[in-house]
$ cat model-v2.csv   # CSV, C-alpha atoms and all ligand atoms
chain,number,residue,atom,x,y,z
A,1,MET,CA,83.3,115.8,96.7
A,2,SER,CA,84.0,116.5,93.0
A,3,GLY,CA,86.4,113.7,92.1
A,4,ALA,CA,86.0,110.1,91.1
A,5,ILE,CA,85.8,108.8,94.7
A,6,ALA,CA,82.4,109.5,96.2
A,7,ASN,CA,83.2,108.8,99.8
A,8,ALA,CA,86.6,108.6,101.4
A,9,ASP,CA,85.2,106.4,104.2
A,10,ASP,CA,84.8,103.6,101.7
A,11,ILE,CA,88.5,103.4,100.9
A,12,PRO,CA,90.2,100.4,102.3
A,13,VAL,CA,93.4,101.4,104.3
A,14,VAL,CA,96.4,99.2,104.5
A,15,LEU,CA,99.2,99.9,107.0
A,16,LEU,CA,102.7,99.5,105.6
A,17,ALA,CA,105.1,97.7,108.0
A,18,GLY,CA,107.0,95.4,105.7
A,19,GLY,CA,110.4,97.1,105.7
A,20,ARG,CA,113.6,96.1,107.4
A,21,SER,CA,113.8,98.8,110.1
A,22,SER,CA,117.6,98.6,109.4
A,23,ARG,CA,118.3,102.2,110.6
A,24,MET,CA,116.3,101.6,113.8
A,25,GLY,CA,118.0,98.2,114.5
A,26,ALA,CA,114.8,96.6,115.7
A,27,ASN,CA,111.2,96.5,114.3
A,28,LYS,CA,110.2,100.2,114.5
A,29,ALA,CA,106.5,99.3,114.6
A,30,PHE,CA,107.0,98.3,118.2
A,31,ALA,CA,109.1,101.3,119.2
A,32,THR,CA,107.2,103.1,122.0
A,33,LEU,CA,106.0,106.7,121.6
A,34,GLY,CA,103.9,108.2,124.4
A,35,GLY,CA,103.3,104.8,126.0
A,36,GLN,CA,102.0,103.2,122.8
A,37,SER,CA,103.8,101.3,120.0
A,38,LEU,CA,103.9,103.2,116.7
A,39,PHE,CA,101.8,100.4,115.2
A,40,VAL,CA,99.0,100.8,117.7
A,41,ARG,CA,99.3,104.6,117.7
A,42,ILE,CA,98.9,104.8,113.9
A,43,ALA,CA,96.1,102.3,113.7
A,44,ALA,CA,94.3,104.3,116.4
A,45,ARG,CA,95.0,107.6,114.7
A,46,ILE,CA,93.4,106.5,111.4
A,47,ALA,CA,90.4,105.0,113.2
A,48,LYS,CA,89.9,108.3,115.1
A,49,THR,CA,90.2,110.6,112.1
A,50,GLN,CA,88.9,108.6,109.2
A,51,VAL,CA,88.2,105.0,108.7
A,52,ARG,CA,89.5,101.8,110.3
A,53,PRO,CA,92.6,100.3,108.7
A,54,VAL,CA,91.6,96.9,107.3
A,55,ALA,CA,95.0,95.2,106.8
A,56,LEU,CA,98.6,95.2,107.8
A,57,ASN,CA,101.3,94.7,105.2
A,58,ALA,CA,104.1,93.0,107.1
A,59,ASP,CA,106.1,89.8,107.4
A,60,ALA,CA,104.1,86.6,107.8
A,61,ASP,CA,105.4,86.0,111.3
A,62,TRP,CA,104.1,89.3,112.7
A,63,PRO,CA,103.2,88.6,116.3
A,64,ASP,CA,99.9,90.3,116.8
A,65,PRO,CA,98.1,92.2,114.0
A,66,LYS,CA,95.4,93.4,116.5
A,67,GLY,CA,92.5,92.3,114.4
A,68,LEU,CA,93.9,93.5,111.1
A,69,THR,CA,94.3,91.0,108.2
A,70,LEU,CA,98.0,90.3,107.8
A,71,VAL,CA,99.0,90.7,104.2
A,72,PRO,CA,102.6,89.8,103.5
A,73,ASP,CA,104.4,90.9,100.3
A,74,GLY,CA,103.5,88.6,97.5
A,75,ILE,CA,106.9,89.1,96.0
A,76,ALA,CA,109.8,87.9,98.2
A,77,GLY,CA,113.0,89.8,98.8
A,78,LYS,CA,111.9,93.1,100.5
A,79,LEU,CA,111.9,94.9,97.2
A,80,GLY,CA,110.9,98.2,98.7
A,81,PRO,CA,107.7,100.1,99.7
A,82,LEU,CA,106.0,99.5,96.4
A,83,ALA,CA,106.1,95.8,97.0
A,84,GLY,CA,103.9,96.6,100.0
A,85,VAL,CA,101.7,98.8,97.9
A,86,LEU,CA,101.3,95.9,95.5
A,87,ALA,CA,100.3,93.6,98.3
A,88,ALA,CA,97.8,96.3,99.5
A,89,ILE,CA,96.3,96.6,96.0
A,90,GLN,CA,96.0,92.9,95.5
A,91,TYR,CA,94.3,92.5,98.9
A,92,ALA,CA,91.8,95.3,98.1
A,93,ALA,CA,91.1,93.8,94.7
A,94,GLN,CA,90.1,90.5,96.3
A,95,HIS,CA,88.3,91.7,99.4
A,96,TYR,CA,86.9,95.1,98.3
A,97,PRO,CA,85.8,94.6,94.7
A,98,GLN,CA,83.8,97.8,94.7
A,99,ALA,CA,86.8,100.0,95.6
A,100,SER,CA,88.7,101.8,92.8
A,101,HIS,CA,91.6,102.7,95.1
A,102,VAL,CA,93.4,101.5,98.2
A,103,ALA,CA,95.1,103.8,100.7
A,104,THR,CA,98.5,103.1,102.2
A,105,VAL,CA,99.8,104.6,105.5
A,106,PRO,CA,103.3,103.7,106.9
A,107,ILE,CA,103.6,102.8,110.5
A,108,ASP,CA,106.5,105.1,111.1
A,109,SER,CA,104.8,108.5,110.7
A,110,PRO,CA,102.8,109.3,113.9
A,111,PHE,CA,101.7,112.9,113.1
A,112,PHE,CA,100.0,112.6,109.7
A,113,PRO,CA,97.1,115.0,109.0
A,114,ASP,CA,93.6,114.3,110.1
A,115,ASP,CA,92.3,115.1,106.7
A,116,LEU,CA,94.8,112.9,104.9
A,117,LEU,CA,92.4,110.5,103.2
A,118,VAL,CA,89.7,113.1,102.5
A,119,ARG,CA,92.2,115.4,100.7
A,120,LEU,CA,93.8,112.6,98.8
A,121,ALA,CA,90.4,111.3,97.7
A,122,GLU,CA,89.3,114.8,96.6
A,123,ALA,CA,92.4,115.0,94.3
A,124,ILE,CA,91.5,111.8,92.4
A,125,GLY,CA,89.9,112.8,89.1
A,126,ALA,CA,89.7,109.4,87.5
A,127,SER,CA,89.7,105.8,88.6
A,128,ASP,CA,93.2,105.2,87.2
A,129,GLU,CA,94.9,108.2,89.0
A,130,ILE,CA,97.3,108.0,91.9
A,131,ALA,CA,97.3,110.6,94.7
A,132,ILE,CA,100.3,111.0,97.0
A,133,ALA,CA,100.9,113.3,100.0
A,134,ALA,CA,103.6,116.0,100.0
A,135,SER,CA,104.9,118.5,102.5
A,136,PHE,CA,107.6,121.1,102.3
A,137,ASN,CA,107.5,120.4,98.5
A,138,ARG,CA,108.7,116.8,99.1
A,139,ASP,CA,106.7,113.8,98.1
A,140,HIS,CA,105.7,111.1,100.6
A,141,PRO,CA,104.5,108.4,98.3
A,142,VAL,CA,104.0,105.8,101.1
A,143,PHE,CA,101.0,108.0,101.9
A,144,GLY,CA,99.1,107.3,98.8
A,145,LEU,CA,95.9,106.3,97.1
A,146,TRP,CA,96.6,103.6,94.6
A,147,PRO,CA,94.3,102.6,91.8
A,148,VAL,CA,93.4,98.9,91.9
A,149,SER,CA,93.7,98.9,88.1
A,150,ALA,CA,97.5,99.6,88.4
A,151,ALA,CA,98.2,96.1,89.9
A,152,GLY,CA,99.4,94.5,86.7
A,153,ASP,CA,101.7,97.4,85.7
A,154,LEU,CA,103.1,97.6,89.3
A,155,GLU,CA,103.8,93.9,89.5
A,156,THR,CA,105.6,93.9,86.1
A,157,TRP,CA,107.5,97.0,87.0
A,158,ILE,CA,108.7,95.6,90.4
A,159,LEU,CA,109.8,92.4,88.7
A,160,THR,CA,111.6,94.0,85.8
A,161,ASP,CA,112.8,97.6,86.6
A,162,PRO,CA,116.5,97.4,87.5
A,163,LYS,CA,116.5,100.3,89.9
A,164,ARG,CA,112.9,100.2,91.4
A,165,ARG,CA,112.9,103.9,92.2
A,166,VAL,CA,109.4,105.0,93.3
A,167,ARG,CA,109.5,108.2,91.3
A,168,ASP,CA,110.2,106.2,88.1
A,169,PHE,CA,107.0,104.2,88.8
A,170,LEU,CA,105.0,107.3,89.5
A,171,ALA,CA,106.2,108.8,86.1
A,172,ARG,CA,104.3,106.0,84.3
A,173,HIS,CA,101.0,107.2,85.8
A,174,THR,CA,98.9,110.3,86.3
A,175,VAL,CA,99.8,111.4,89.8
A,176,GLN,CA,98.0,114.1,91.9
A,177,ARG,CA,100.3,115.6,94.5
A,178,VAL,CA,98.5,116.9,97.6
A,179,GLU,CA,100.5,119.4,99.6
A,180,PHE,CA,99.8,119.5,103.4
A,181,PRO,CA,100.9,122.4,105.6
A,182,ALA,CA,103.3,122.3,108.5
A,183,VAL,CA,101.8,122.1,112.0
A,184,GLN,CA,102.8,125.1,114.0
A,185,THR,CA,104.0,124.0,117.5
A,186,PRO,CA,105.7,125.8,120.4
A,187,ILE,CA,109.0,124.3,119.3
A,188,GLY,CA,108.7,125.2,115.6
A,189,PRO,CA,106.9,123.9,112.5
A,190,LEU,CA,106.3,120.2,112.4
A,191,ASP,CA,106.4,118.3,109.1
A,192,PRO,CA,103.1,116.3,109.4
A,193,PHE,CA,104.9,113.4,107.6
A,194,PHE,CA,107.9,113.4,110.0
A,195,ASN,CA,108.9,109.7,110.1
A,196,VAL,CA,110.8,107.7,112.6
A,197,ASN,CA,113.7,105.9,111.0
A,198,THR,CA,116.4,106.0,113.7
A,199,PRO,CA,116.6,105.9,117.5
A,200,ASP,CA,117.4,109.7,117.3
A,201,ASP,CA,114.2,110.2,115.3
A,202,LEU,CA,112.3,108.5,118.1
A,203,ILE,CA,113.6,111.1,120.6
A,204,ASP,CA,112.6,113.9,118.2
A,205,ALA,CA,109.2,112.3,117.9
A,206,GLN,CA,108.8,112.4,121.7
A,207,ASN,CA,109.7,116.1,121.7
A,208,TRP,CA,107.1,116.8,119.0
A,209,LEU,CA,104.5,114.8,120.8
A,210,ALA,CA,105.1,116.7,124.0
A,211,ALA,CA,104.9,120.0,122.1
A,212,LEU,CA,101.6,119.0,120.5
A,213,GLU,CA,100.2,117.9,123.9
A,214,ASP,CA,101.2,121.3,125.3
A,215,MET,CA,98.9,122.9,122.7
A,216,SER,CA,95.9,120.7,123.5
B,301,LIG,N1,106.2,95.5,102.1
B,301,LIG,C1,107.3,96.2,102.2
B,301,LIG,N2,107.3,97.4,102.8
B,301,LIG,C2,108.5,98.1,102.8
B,301,LIG,C3,109.7,97.7,102.2
B,301,LIG,N3,110.6,98.6,102.5
B,301,LIG,C4,110.1,99.6,103.1
B,301,LIG,N4,108.8,99.3,103.4
B,301,LIG,C5,107.8,100.2,104.1
B,301,LIG,O1,107.8,101.5,103.5
B,301,LIG,C6,107.8,102.5,104.5
B,301,LIG,C7,108.9,103.4,104.4
B,301,LIG,O2,110.1,102.7,104.5
B,301,LIG,P1,111.3,103.1,105.5
B,301,LIG,O3,111.0,104.3,106.3
B,301,LIG,O4,112.6,103.1,104.7
B,301,LIG,O5,111.3,101.8,106.5
B,301,LIG,P2,112.2,100.6,106.5
B,301,LIG,O6,112.6,100.1,105.1
B,301,LIG,O7,111.6,99.6,107.4
B,301,LIG,O8,113.5,101.2,107.3
B,301,LIG,P3,115.0,101.1,106.8
B,301,LIG,O9,115.4,99.7,106.7
B,301,LIG,O10,115.7,101.8,107.9
B,301,LIG,O11,115.1,101.9,105.5
B,301,LIG,C8,107.7,101.8,105.8
B,301,LIG,O12,106.3,101.7,106.2
B,301,LIG,C9,108.2,100.4,105.5
B,301,LIG,O13,107.6,99.4,106.4
B,301,LIG,C10,109.6,96.4,101.6
B,301,LIG,O14,110.6,95.9,101.0
B,301,LIG,N5,108.4,95.7,101.6
B,302,MG,MG,110.5,106.0,106.9
$ encode --input "model-v2.csv" --output "structure tokens"
Amino acid sequence: MSGAIANADDIPVVLLAGGRSSRMGANKAFATLGGQSLFVRIAARIAKTQVRPVALNADADWPDPKGLTLVPDGIAGKLGPLAGVLAAIQYAAQHYPQASHVATVPIDSPFFPDDLLVRLAEAIGASDEIAIAASFNRDHPVFGLWPVSAAGDLETWILTDPKRRVRDFLARHTVQRVEFPAVQTPIGPLDPFFNVNTPDDLIDAQNWLAALEDMS
């Protein structure tokens, strides 16, 4: 690997589940896909393909974090995904002092690529750079590698920026965008970052899962 991260296996991974699931109407982490909750499915997918997730960013009353350390937002008010990223960075800074970066993976995207972390890590050229995933030319910043050194800037920005648009925060930093290809399936090209936001998305996810299983 040529970049600043020697080994992607050393990156702590934090699952993001601190949102409101307002479009789903119930906590989508517990929505069932192929007989598994999205939460369990995504934790298992990371463990199979890369490293084990170490922490779960979610509300403090989460019923069963399945062995992961529960890391609630440090800033109250559900101020958006970057509040979860900040919690992930602060957790990594405290518990993984050797790590320059922490990875975040949302619990609502069941088909993310096997080589996600390796490719994000390869893209990092310096310890203060951010890497985010993209597909179909769209950014998916919740799939990111975040420099621990950005904690202070991120906290100040969350507390002071009136709009808190993720792209505005990214514009303050050097960001490597890593484009991932569509997955070809019998029912068409699947966006690897397809995410489940609504009950209809869950039905679509079941169809994509069936198509992927047909191929294997
Ligand atoms: N910690 C934290 N995570 C968040 C917050 N808002 C969204 N997220 C996470 O960011 C990711 C993408 O967010 P969305 O897909 O919009 O999920 P959501 O906010 O739960 O769903 P909606 O309420 O329907 O928008 C998910 O993993 C969420 O758990 C927040 O305020 N705090
Ligand atoms: Mg989503």
$ residues_near_ligand --input "model-v2.csv" --ligand "ligand LIG 301 (chain B)" --cutoff "9 Å" --atoms "all atoms listed in the file" --output "MDAnalysis selection string"
chainID A and resid 15:25 27:29 57:59 71:88 104:109 142 195:198
$ closest_residue --input "model-v2.csv" --among "A:Asp214, A:Asp10, A:Asp139, A:Asp128" --to "Ala103 (chain A)" --atoms "only C-alpha atoms"
A:Asp10
$ atom_distance --input "model-v2.csv" --atom1 "CA of Ala93 (chain A)" --atom2 "CA of Val175 (chain A)"
20.2 Å
$ closest_residue --input "model-v2.csv" --among "A:Lys66, A:Ala60, A:Ile89, A:Ser149" --to "Val13 (chain A)" --atoms "all atoms listed in the file"
A:Ile89
$ residues_around --input "model-v2.csv" --residues "Pro113 (chain A)" --least-positions-apart "5" --cutoff "10 Å" --atoms "only C-alpha atoms" --output "mmCIF file with C-alpha atoms, in the coordinates of the input"
data_model
loop_
_atom_site.group_PDB
_atom_site.id
_atom_site.type_symbol
_atom_site.label_atom_id
_atom_site.label_comp_id
_atom_site.auth_asym_id
_atom_site.auth_seq_id
_atom_site.Cartn_x
_atom_site.Cartn_y
_atom_site.Cartn_z
ATOM 1 C CA ARG A 45 95.000 107.600 114.700
ATOM 2 C CA ILE A 46 93.400 106.500 111.400
ATOM 3 C CA THR A 49 90.200 110.600 112.100
ATOM 4 C CA ARG A 119 92.200 115.400 100.700
ATOM 5 C CA ALA A 133 100.900 113.300 100.000
ATOM 6 C CA PHE A 180 99.800 119.500 103.400
ATOM 7 C CA PRO A 181 100.900 122.400 105.600
ATOM 8 C CA ALA A 182 103.300 122.300 108.500
ATOM 9 C CA VAL A 183 101.800 122.100 112.000
ATOM 10 C CA ASP A 191 106.400 118.300 109.100
ATOM 11 C CA PRO A 192 103.100 116.300 109.400
ATOM 12 C CA PHE A 193 104.900 113.400 107.600
#
$ atom_distance --input "model-v2.csv" --atom1 "CA of Thr69 (chain A)" --atom2 "CA of Val14 (chain A)"
9.2 Å
$ closest_residue --input "model-v2.csv" --among "A:Ile158, A:Leu202, A:Leu70, A:Ala134" --to "Ser37 (chain A)" --atoms "all atoms listed in the file"
A:Leu202
$ closest_residue --input "model-v2.csv" --among "A:Ala210, A:Phe143, A:Ala47, A:Leu33" --to "ligand MG 302 (chain B)" --atoms "all atoms listed in the file"
A:Phe143
$ atom_distance --input "model-v2.csv" --atom1 "CA of Pro147 (chain A)" --atom2 "CA of Arg52 (chain A)"
19.1 Å
$ closest_residue --input "model-v2.csv" --among "A:Val166, A:His140, A:Thr174, A:Ile187" --to "ligand MG 302 (chain B)" --atoms "all atoms listed in the file"
A:His140
$ closest_residue --input "model-v2.csv" --among "A:Pro110, A:Pro53, A:Pro162, A:Pro189" --to "Ser135 (chain A)" --atoms "all atoms listed in the file"
A:Pro189
$ residues_around --input "model-v2.csv" --residues "region 125-127 of chain A" --least-positions-apart "2" --cutoff "10 Å" --atoms "all atoms listed in the file" --output "compact mmCIF listing (two decimals) with C-alpha atoms, keeping the file's coordinate frame"
# COMPACT_ATOMS: atom_id res chain seq x y z
CA SER A 2 84.00 116.50 93.00
CA GLY A 3 86.40 113.70 92.10
CA ALA A 4 86.00 110.10 91.10
CA ILE A 5 85.80 108.80 94.70
CA ALA A 99 86.80 100.00 95.60
CA SER A 100 88.70 101.80 92.80
CA HIS A 101 91.60 102.70 95.10
CA ALA A 121 90.40 111.30 97.70
CA GLU A 122 89.30 114.80 96.60
CA ALA A 123 92.40 115.00 94.30
CA GLU A 129 94.90 108.20 89.00
CA ILE A 130 97.30 108.00 91.90
CA ALA A 131 97.30 110.60 94.70
CA TRP A 146 96.60 103.60 94.60
CA PRO A 147 94.30 102.60 91.80
CA VAL A 148 93.40 98.90 91.90
CA SER A 149 93.70 98.90 88.10
CA ALA A 150 97.50 99.60 88.40
CA THR A 174 98.90 110.30 86.30
CA GLN A 176 98.00 114.10 91.90
